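Text of the file start_13.cif, holding mmCIF, C-alpha atoms and all ligand atoms:
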```cif
data_my_file
#
loop_
_atom_site.label_atom_id
_atom_site.label_comp_id
_atom_site.auth_asym_id
_atom_site.auth_seq_id
_atom_site.Cartn_x
_atom_site.Cartn_y
_atom_site.Cartn_z
CA MET A 5 27.00 -2.00 37.57
CA ASN A 6 27.59 0.21 40.59
CA SER A 7 30.79 2.17 40.72
CA PRO A 8 32.55 1.46 44.02
CA ALA A 9 32.12 5.15 44.89
CA ILE A 10 28.31 4.88 44.98
CA PRO A 11 27.16 2.88 48.00
CA LEU A 12 24.27 0.47 47.51
CA ILE A 13 22.71 2.12 50.56
CA ASP A 14 23.63 5.60 51.74
CA ILE A 15 22.00 7.04 54.85
CA ARG A 16 22.72 10.60 56.00
CA GLY A 17 21.44 12.32 59.11
CA LEU A 18 18.47 9.97 59.47
CA THR A 19 16.19 10.83 62.38
CA HIS A 20 12.89 9.12 63.13
CA SER A 21 10.19 9.30 65.78
CA TYR A 22 7.22 7.00 66.23
CA LEU A 23 3.90 8.76 66.87
CA PRO A 24 5.42 12.23 66.29
CA GLY A 25 3.57 15.15 67.81
CA THR A 26 1.70 12.95 70.31
CA PRO A 27 2.35 12.44 74.02
CA LEU A 28 3.58 8.95 73.10
CA GLU A 29 6.27 10.25 70.74
CA THR A 30 9.38 8.01 70.83
CA LYS A 31 12.59 9.15 69.17
CA SER A 32 13.92 5.92 67.71
CA LEU A 33 16.75 7.18 65.44
CA CYS A 34 18.86 10.30 65.80
CA GLY A 35 21.25 11.55 63.10
CA ILE A 36 22.29 8.19 61.67
CA ASP A 37 25.00 8.11 58.97
CA LEU A 38 25.57 4.67 57.47
CA GLN A 39 26.74 3.25 54.15
CA VAL A 40 26.60 -0.23 52.66
CA HIS A 41 28.83 -1.11 49.72
CA ALA A 42 28.75 -4.11 47.38
CA GLY A 43 30.64 -7.06 48.87
CA GLU A 44 30.07 -6.00 52.47
CA THR A 45 28.20 -7.63 55.33
CA VAL A 46 27.34 -4.80 57.66
CA GLY A 47 26.45 -5.78 61.21
CA ILE A 48 24.13 -3.61 63.32
CA ILE A 49 24.14 -4.45 66.98
CA GLY A 50 22.53 -2.77 69.93
CA PRO A 51 20.42 -3.42 73.00
CA THR A 52 16.67 -4.02 72.79
CA GLY A 53 14.84 -0.91 71.62
CA SER A 54 17.99 0.79 70.28
CA GLY A 55 16.44 1.24 66.80
CA LYS A 56 17.86 -1.66 64.76
CA SER A 57 14.56 -2.74 63.20
CA THR A 58 13.53 0.87 62.58
CA LEU A 59 16.82 1.48 60.77
CA LEU A 60 16.47 -1.62 58.58
CA GLN A 61 12.93 -0.64 57.63
CA HIS A 62 14.27 2.66 56.25
CA MET A 63 16.67 0.83 53.94
CA ASN A 64 13.97 -0.58 51.69
CA GLY A 65 11.47 2.24 52.02
CA LEU A 66 9.06 0.55 54.43
CA LEU A 67 9.54 3.67 56.54
CA GLN A 68 9.98 7.08 54.93
CA PRO A 69 12.70 9.42 56.23
CA GLN A 70 11.21 12.16 58.41
CA GLN A 71 14.56 13.95 58.56
CA GLY A 72 17.73 13.11 56.68
CA GLU A 73 18.18 11.08 53.50
CA VAL A 74 18.19 7.47 52.36
CA HIS A 75 19.59 6.62 48.93
CA VAL A 76 19.52 3.19 47.30
CA ASN A 77 21.77 2.82 44.25
CA GLY A 78 21.90 6.62 44.17
CA LEU A 79 18.08 6.98 44.16
CA SER A 80 16.56 9.09 46.93
CA LEU A 81 13.71 7.27 48.66
CA ALA A 82 12.06 10.63 49.33
CA ASP A 83 11.73 11.20 45.56
CA PRO A 84 8.09 10.46 44.66
CA SER A 85 9.11 9.44 41.13
CA VAL A 86 11.22 6.53 42.44
CA ASP A 87 9.48 3.18 41.90
CA MET A 88 9.28 1.66 45.39
CA ARG A 89 8.50 -1.75 43.92
CA LEU A 90 11.92 -1.69 42.29
CA ILE A 91 13.57 -0.62 45.56
CA ARG A 92 11.89 -3.48 47.48
CA GLN A 93 13.02 -5.91 44.80
CA ARG A 94 16.63 -4.71 45.05
CA VAL A 95 16.68 -4.45 48.84
CA GLY A 96 14.94 -7.42 50.43
CA LEU A 97 14.01 -7.34 54.11
CA VAL A 98 13.61 -10.51 56.15
CA PHE A 99 11.56 -9.54 59.20
CA GLN A 100 12.52 -10.17 62.80
CA ASN A 101 9.45 -12.37 63.22
CA PRO A 102 8.50 -14.67 60.31
CA GLU A 103 4.85 -14.47 61.39
CA ASP A 104 4.94 -10.78 60.37
CA GLN A 105 6.09 -11.71 56.89
CA LEU A 106 4.22 -14.87 55.94
CA PHE A 107 0.61 -14.28 55.05
CA GLU A 108 -0.42 -16.91 52.48
CA ARG A 109 -2.00 -20.24 53.36
CA TYR A 110 0.42 -22.46 51.44
CA ALA A 111 4.21 -22.23 51.63
CA GLY A 112 4.77 -22.11 47.86
CA ASP A 113 2.34 -19.23 47.40
CA ASP A 114 4.25 -17.14 49.88
CA VAL A 115 7.56 -17.63 48.06
CA ALA A 116 5.82 -17.04 44.71
CA TYR A 117 4.19 -13.80 45.84
CA GLY A 118 7.14 -11.51 45.05
CA PRO A 119 8.05 -13.00 41.63
CA ARG A 120 4.34 -12.97 40.63
CA ASN A 121 4.18 -9.32 41.61
CA LEU A 122 7.15 -8.62 39.36
CA GLY A 123 4.91 -9.86 36.53
CA LEU A 124 7.04 -12.91 35.69
CA PRO A 125 5.40 -15.72 33.67
CA ALA A 126 4.27 -18.82 35.61
CA ASP A 127 7.16 -21.08 34.58
CA GLN A 128 9.72 -18.50 35.73
CA VAL A 129 7.85 -17.97 38.99
CA ARG A 130 7.92 -21.73 39.60
CA GLU A 131 11.64 -21.87 38.85
CA ARG A 132 12.38 -19.00 41.24
CA VAL A 133 10.33 -20.68 43.97
CA ARG A 134 12.16 -23.97 43.46
CA LEU A 135 15.60 -22.32 43.51
CA ALA A 136 14.83 -20.16 46.54
CA MET A 137 13.41 -23.07 48.53
CA GLU A 138 16.41 -25.24 47.66
CA MET A 139 18.79 -22.44 48.64
CA VAL A 140 17.35 -22.25 52.16
CA GLY A 141 17.20 -26.05 52.51
CA LEU A 142 13.45 -26.56 52.17
CA PRO A 143 12.42 -29.42 49.83
CA PHE A 144 10.43 -28.08 46.85
CA ALA A 145 7.59 -30.46 47.80
CA TYR A 146 7.04 -28.28 50.90
CA LYS A 147 5.43 -25.72 48.59
CA ASP A 148 2.14 -27.57 49.10
CA ARG A 149 2.36 -27.52 52.91
CA LEU A 150 0.22 -25.32 55.08
CA ILE A 151 2.37 -22.57 56.58
CA ALA A 152 0.54 -22.94 59.89
CA GLU A 153 1.89 -26.48 60.16
CA LEU A 154 5.57 -25.56 59.67
CA SER A 155 7.99 -25.35 62.60
CA HIS A 156 9.45 -21.99 63.67
CA GLY A 157 12.75 -22.82 61.95
CA GLN A 158 10.96 -23.80 58.73
CA LYS A 159 8.96 -20.57 58.81
CA ARG A 160 12.19 -18.61 59.12
CA ARG A 161 13.62 -20.43 56.11
CA LEU A 162 10.42 -19.85 54.16
CA ALA A 163 10.41 -16.12 54.93
CA LEU A 164 14.02 -15.94 53.71
CA ALA A 165 13.13 -17.92 50.56
CA GLY A 166 10.34 -15.43 49.80
CA VAL A 167 12.87 -12.60 49.81
CA LEU A 168 15.58 -14.51 47.91
CA ALA A 169 13.03 -15.31 45.19
CA LEU A 170 13.05 -11.59 44.36
CA GLU A 171 16.78 -11.90 43.58
CA PRO A 172 17.71 -8.81 45.62
CA GLN A 173 21.06 -7.09 45.53
CA VAL A 174 21.00 -6.26 49.24
CA LEU A 175 19.62 -8.63 51.85
CA LEU A 176 18.48 -7.09 55.15
CA LEU A 177 18.20 -9.61 57.97
CA ASP A 178 16.59 -8.69 61.25
CA GLU A 179 17.74 -11.05 64.03
CA PRO A 180 18.01 -13.97 61.59
CA THR A 181 19.16 -16.61 64.09
CA ALA A 182 16.80 -15.75 66.96
CA GLY A 183 14.96 -18.84 68.16
CA LEU A 184 17.05 -21.28 66.11
CA ASP A 185 18.84 -24.26 67.67
CA PRO A 186 22.64 -24.46 67.18
CA GLN A 187 22.36 -26.69 64.12
CA GLY A 188 19.63 -24.52 62.55
CA ARG A 189 21.82 -21.49 63.18
CA ARG A 190 24.89 -23.10 61.56
CA GLU A 191 22.85 -24.11 58.52
CA LEU A 192 21.40 -20.64 58.14
CA LEU A 193 24.82 -18.96 58.39
CA GLN A 194 26.03 -21.33 55.66
CA VAL A 195 23.09 -20.35 53.41
CA LEU A 196 23.91 -16.68 53.96
CA ARG A 197 27.59 -17.20 53.19
CA GLN A 198 26.70 -18.93 49.95
CA TRP A 199 24.24 -16.20 48.97
CA ARG A 200 26.65 -13.33 49.55
CA ALA A 201 29.50 -15.01 47.65
CA LYS A 202 28.06 -13.76 44.34
CA ALA A 203 29.66 -10.51 43.17
CA GLY A 204 27.81 -7.24 43.68
CA ARG A 205 25.73 -8.40 46.65
CA ALA A 206 25.65 -7.03 50.17
CA MET A 207 24.05 -8.01 53.46
CA VAL A 208 22.95 -6.04 56.50
CA LEU A 209 22.54 -8.05 59.65
CA ALA A 210 20.80 -6.65 62.72
CA SER A 211 21.49 -8.89 65.67
CA HIS A 212 21.87 -9.17 69.42
CA ASN A 213 24.03 -12.18 68.76
CA MET A 214 27.71 -11.25 68.78
CA GLU A 215 28.72 -14.68 67.55
CA ASP A 216 26.70 -14.04 64.36
CA ILE A 217 28.40 -10.68 63.98
CA ALA A 218 31.83 -12.20 64.61
CA GLU A 219 31.23 -14.89 61.99
CA LEU A 220 29.64 -12.83 59.24
CA ALA A 221 30.16 -9.08 59.51
CA THR A 222 32.88 -7.23 57.63
CA ARG A 223 31.96 -3.92 59.28
CA VAL A 224 29.91 -3.13 62.37
CA TYR A 225 27.80 -0.28 63.73
CA VAL A 226 26.75 -0.27 67.39
CA LEU A 227 23.42 1.46 67.95
CA VAL A 228 22.58 2.77 71.42
CA ALA A 229 19.33 4.69 72.00
CA GLY A 230 19.03 5.54 68.29
CA ARG A 231 22.60 6.83 67.88
CA ILE A 232 25.74 5.23 66.50
CA ALA A 233 27.98 4.62 69.49
CA PHE A 234 30.72 2.82 67.58
CA HIS A 235 31.68 2.03 64.00
CA GLY A 236 34.52 -0.21 62.85
CA SER A 237 35.69 -3.72 62.06
CA PRO A 238 34.49 -6.67 64.19
CA ARG A 239 38.04 -6.99 65.50
CA ASP A 240 38.03 -3.35 66.67
CA LEU A 241 34.63 -3.90 68.20
CA PHE A 242 35.64 -6.84 70.34
CA ALA A 243 38.69 -4.96 71.53
CA HIS A 244 36.19 -2.41 73.00
CA TYR A 245 35.15 -4.89 75.65
CA GLU A 246 34.17 -2.32 78.28
CA MET A 247 31.87 -0.46 75.86
CA LEU A 248 30.07 -3.70 75.03
CA VAL A 249 29.66 -4.65 78.67
CA GLN A 250 28.50 -1.11 79.51
CA HIS A 251 25.65 -1.45 76.99
CA SER A 252 24.82 -4.98 78.19
CA LEU A 253 25.86 -6.48 74.85
CA ALA A 254 26.97 -10.08 75.22
CA VAL A 255 30.58 -10.56 74.22
CA PRO A 256 31.55 -13.70 72.24
CA ALA A 257 32.78 -16.48 74.53
CA ALA A 258 36.23 -16.44 72.85
CA THR A 259 36.65 -12.71 73.58
CA GLU A 260 35.50 -13.23 77.17
CA VAL A 261 38.17 -15.91 77.72
CA MET A 262 40.90 -13.68 76.27
CA HIS A 263 39.89 -10.77 78.51
CA ALA A 264 39.90 -13.01 81.57
CA LEU A 265 43.41 -14.26 80.68
CA ARG A 266 44.56 -10.67 80.23
CA GLN A 267 43.24 -9.79 83.67
CA TYR A 268 45.36 -12.59 85.10
CA GLY A 269 48.37 -11.04 83.39
CA TYR A 270 48.74 -13.31 80.37
CA PRO A 271 49.90 -11.45 77.23
CA VAL A 272 47.09 -12.53 74.87
CA PRO A 273 45.36 -10.33 72.28
CA THR A 274 41.80 -9.33 73.17
CA ASP A 275 40.39 -8.90 69.66
CA VAL A 276 39.99 -12.57 68.69
CA LEU A 277 36.94 -13.40 66.59
CA SER A 278 36.53 -17.15 67.05
CA MET A 279 37.18 -20.02 69.44
CA GLU A 280 39.71 -21.34 66.95
CA GLU A 281 41.77 -18.14 67.23
CA ALA A 282 41.46 -18.23 71.02
CA VAL A 283 42.63 -21.85 71.15
CA ASN A 284 45.64 -21.00 69.00
CA GLU A 285 46.54 -18.10 71.29
CA ILE A 286 46.28 -20.33 74.36
CA LYS A 287 48.37 -23.02 72.69
CA GLY A 288 50.99 -20.37 71.94
CA LEU A 289 50.91 -19.34 75.59
CA LEU A 290 51.32 -22.92 76.82
CA HIS A 291 54.20 -23.41 74.43
CA VAL A 292 55.94 -20.32 75.81
CA GLN A 293 55.28 -21.37 79.43
CA THR A 294 56.59 -24.92 79.02
CA ASN A 295 59.75 -23.88 77.20
N1 LIG B 301 5.40 0.72 65.86
C1 LIG B 301 5.93 1.40 66.88
N2 LIG B 301 5.22 2.34 67.52
C2 LIG B 301 5.76 3.05 68.55
N3 LIG B 301 7.03 2.89 69.00
C3 LIG B 301 7.77 1.94 68.40
C4 LIG B 301 7.26 1.15 67.32
N4 LIG B 301 8.24 0.30 66.91
C5 LIG B 301 9.29 0.55 67.71
N5 LIG B 301 9.02 1.52 68.60
C6 LIG B 301 9.96 2.09 69.60
O1 LIG B 301 11.09 2.61 68.89
C7 LIG B 301 12.31 2.27 69.54
C8 LIG B 301 13.19 1.46 68.62
O2 LIG B 301 12.55 0.22 68.35
P1 LIG B 301 13.15 -0.89 67.40
O3 LIG B 301 12.14 -1.98 67.29
O4 LIG B 301 13.63 -0.26 66.13
O5 LIG B 301 14.43 -1.37 68.24
P2 LIG B 301 15.30 -2.70 68.08
O6 LIG B 301 16.71 -2.32 68.31
O7 LIG B 301 14.96 -3.38 66.79
O8 LIG B 301 14.79 -3.59 69.31
P3 LIG B 301 14.83 -5.21 69.48
O9 LIG B 301 16.24 -5.55 69.81
O10 LIG B 301 13.91 -5.43 70.64
O11 LIG B 301 14.34 -5.82 68.21
C9 LIG B 301 11.90 1.54 70.82
O12 LIG B 301 11.84 2.50 71.85
C10 LIG B 301 10.52 1.00 70.51
O13 LIG B 301 9.75 0.87 71.68
MG MG B 302 14.30 -5.24 66.35
#
```

Can I see the file as structure tokens?
Ligand SMILES: Nc1ncnc2c1ncn2[C@@H]1O[C@H](COP(=O)(O)OP(=O)(O)OP(=O)(O)O)[C@@H](O)[C@H]1O
Ligand SMILES: [Mg+2]
Amino acid sequence: MNSPAIPLIDIRGLTHSYLPGTPLETKSLCGIDLQVHAGETVGIIGPTGSGKSTLLQHMNGLLQPQQGEVHVNGLSLADPSVDMRLIRQRVGLVFQNPEDQLFERYAGDDVAYGPRNLGLPADQVRERVRLAMEMVGLPFAYKDRLIAELSHGQKRRLALAGVLALEPQVLLLDEPTAGLDPQGRRELLQVLRQWRAKAGRAMVLASHNMEDIAELATRVYVLVAGRIAFHGSPRDLFAHYEMLVQHSLAVPAATEVMHALRQYGYPVPTDVLSMEEAVNEIKGLLHVQTN
């Protein structure tokens, strides 16, 4: 068990450049401090190219810190004696693009890859594949399908199943709802809510989509050009409307409506998180006006 004082992920002063020392050097992260504790869903938002994917890839050791430190469960990822296989089992990354993650021919083999690598016996591998596929809403019979013949949404689910089959403690999701239709998005958010309900787990969600952040995140970091421009609760974040607009970050529709009402002089709060809250505020307003 982790004591609450030790974060599952602890990042201090993380700085990273792609192609360092070359004319093409790009500084992608600059002095990032970030912690993830059990029970949290940490949202990372930021414009295109702000460093979200680079940051996530440091959390499970896919990228090594050039400067600064990354600890997982108190283990430094720069320590050569740390077993990276164990880190990748504990901290599972679902890539931005499922095509980057899926590499087997048949769906079931892709989900089985991680558990097989852990050295589990065949019956346990099969059970993990079945459970993971069920969890993401893919029938177990799909294990025999060719990945190339799956739809984009099914590939996304499959990529998630492959990570869940490792039974990670922390789930890193890079733009998980990109390219999904509204129903696919709702179903995925439901899967994620169910997954995180188990004690001791945590999620990190990198997204452009503020509605995803509003629905899932318990704490948010805004990344702009590789630096943390804001850190706080989703409610605090949406109250910083001007900062979001300044960085071309789409504001949830409910927040937009509240800001517009404010501009017309109506005394509504501007930190609402959902349409439901906005509707209640407007109802309250109408009640006041008609009485
Ligand atoms: N493999 C790479 N080689 C060189 N530069 C890269 C590489 N990957 C990313 N970069 C650059 O690093 C910066 C951060 O990229 P990153 O992909 O982490 O941002 P992001 O916030 O995830 O963007 P997006 O919203 O488009 O997914 C960008 O300037 C990007 O062009
Ligand atoms: Mg990205």

For this session: Go through A:Asn101, A:Gln39, A:Thr45, A:Thr26 one by one, measure the shortest atom-to-atom distance of each to Ala221 (chain A) using all atoms listed in the file, and give the residue with the smallest value.
Result: A:Thr45

Go through chain A and flag each residue having an atom no more than 12 Å from ligand MG 302 (chain B); for those, report the closest pair of atoms plus their distance in Å to one decimal, using all atoms listed in the file, ordered by chain and rising number, as CSV.
```
residue,atom,partner,partner_atom,distance
A:Ser32,CA,B:MG302,MG,11.2
A:Ile48,CA,B:MG302,MG,10.4
A:Ile49,CA,B:MG302,MG,9.9
A:Gly50,CA,B:MG302,MG,9.3
A:Pro51,CA,B:MG302,MG,9.2
A:Thr52,CA,B:MG302,MG,7.0
A:Gly53,CA,B:MG302,MG,6.8
A:Ser54,CA,B:MG302,MG,8.1
A:Gly55,CA,B:MG302,MG,6.8
A:Lys56,CA,B:MG302,MG,5.3
A:Ser57,CA,B:MG302,MG,4.0
A:Thr58,CA,B:MG302,MG,7.2
A:Leu59,CA,B:MG302,MG,9.1
A:Leu60,CA,B:MG302,MG,8.8
A:Gln61,CA,B:MG302,MG,10.0
A:Val98,CA,B:MG302,MG,11.5
A:Phe99,CA,B:MG302,MG,8.8
A:Gln100,CA,B:MG302,MG,6.3
A:Asn101,CA,B:MG302,MG,9.2
A:Leu177,CA,B:MG302,MG,10.2
A:Asp178,CA,B:MG302,MG,6.6
A:Glu179,CA,B:MG302,MG,7.1
A:Pro180,CA,B:MG302,MG,10.6
A:Ala182,CA,B:MG302,MG,10.8
A:Leu209,CA,B:MG302,MG,11.0
A:Ala210,CA,B:MG302,MG,7.6
A:Ser211,CA,B:MG302,MG,8.1
A:His212,CA,B:MG302,MG,9.1
A:Leu227,CA,B:MG302,MG,11.4
A:Gly230,CA,B:MG302,MG,11.9
```

Please provide the set of residues having any atom within 9 Å of Met63 (chain A), restricted to only C-alpha atoms, with same-chain residues fewer than 5 positions apart removed, written as an mmCIF file with C-alpha atoms, in the frame of the given file.
```cif
data_model
loop_
_atom_site.group_PDB
_atom_site.id
_atom_site.type_symbol
_atom_site.label_atom_id
_atom_site.label_comp_id
_atom_site.auth_asym_id
_atom_site.auth_seq_id
_atom_site.Cartn_x
_atom_site.Cartn_y
_atom_site.Cartn_z
ATOM 1 C CA ILE A 13 22.710 2.120 50.560
ATOM 2 C CA ASP A 14 23.630 5.600 51.740
ATOM 3 C CA ILE A 15 22.000 7.040 54.850
ATOM 4 C CA VAL A 74 18.190 7.470 52.360
ATOM 5 C CA HIS A 75 19.590 6.620 48.930
ATOM 6 C CA VAL A 76 19.520 3.190 47.300
ATOM 7 C CA LEU A 81 13.710 7.270 48.660
ATOM 8 C CA VAL A 95 16.680 -4.450 48.840
ATOM 9 C CA LEU A 97 14.010 -7.340 54.110
ATOM 10 C CA LEU A 176 18.480 -7.090 55.150
#
```

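Relative to CA of Val195 (chain A), CA of Leu90 (chain A) is found at 24.4 Å.
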
Problem set entry | For CA of Leu253 (chain A) and CA of Met214 (chain A), the interatomic separation in Å (one decimal) |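 A separation of 7.9 Å between them.
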
Quick one: what's the axis-aligned box for ligand LIG 301 (chain B), all listed atoms, 3 Å on every side, centre and edges in Å to one decimal, as JSON?
```
{"center_x": 11.0, "center_y": -1.4, "center_z": 68.9, "size_x": 17.5, "size_y": 14.9, "size_z": 12.0}
```

Exercise. For ligand LIG 301 (chain B), which residue among A:Asn213, A:Lys159, A:His41, A:Glu246 is the nearest when counting all atoms listed in the file?
Worked result: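 Among the listed residues, the smallest separation from ligand LIG 301 (chain B) belongs to A:Asn213.
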
Exercise. At what distance in Å, to one decimal, does CA of Tyr146 (chain A) lie from CA of Arg134 (chain A)?
Worked result: 10.0 Å
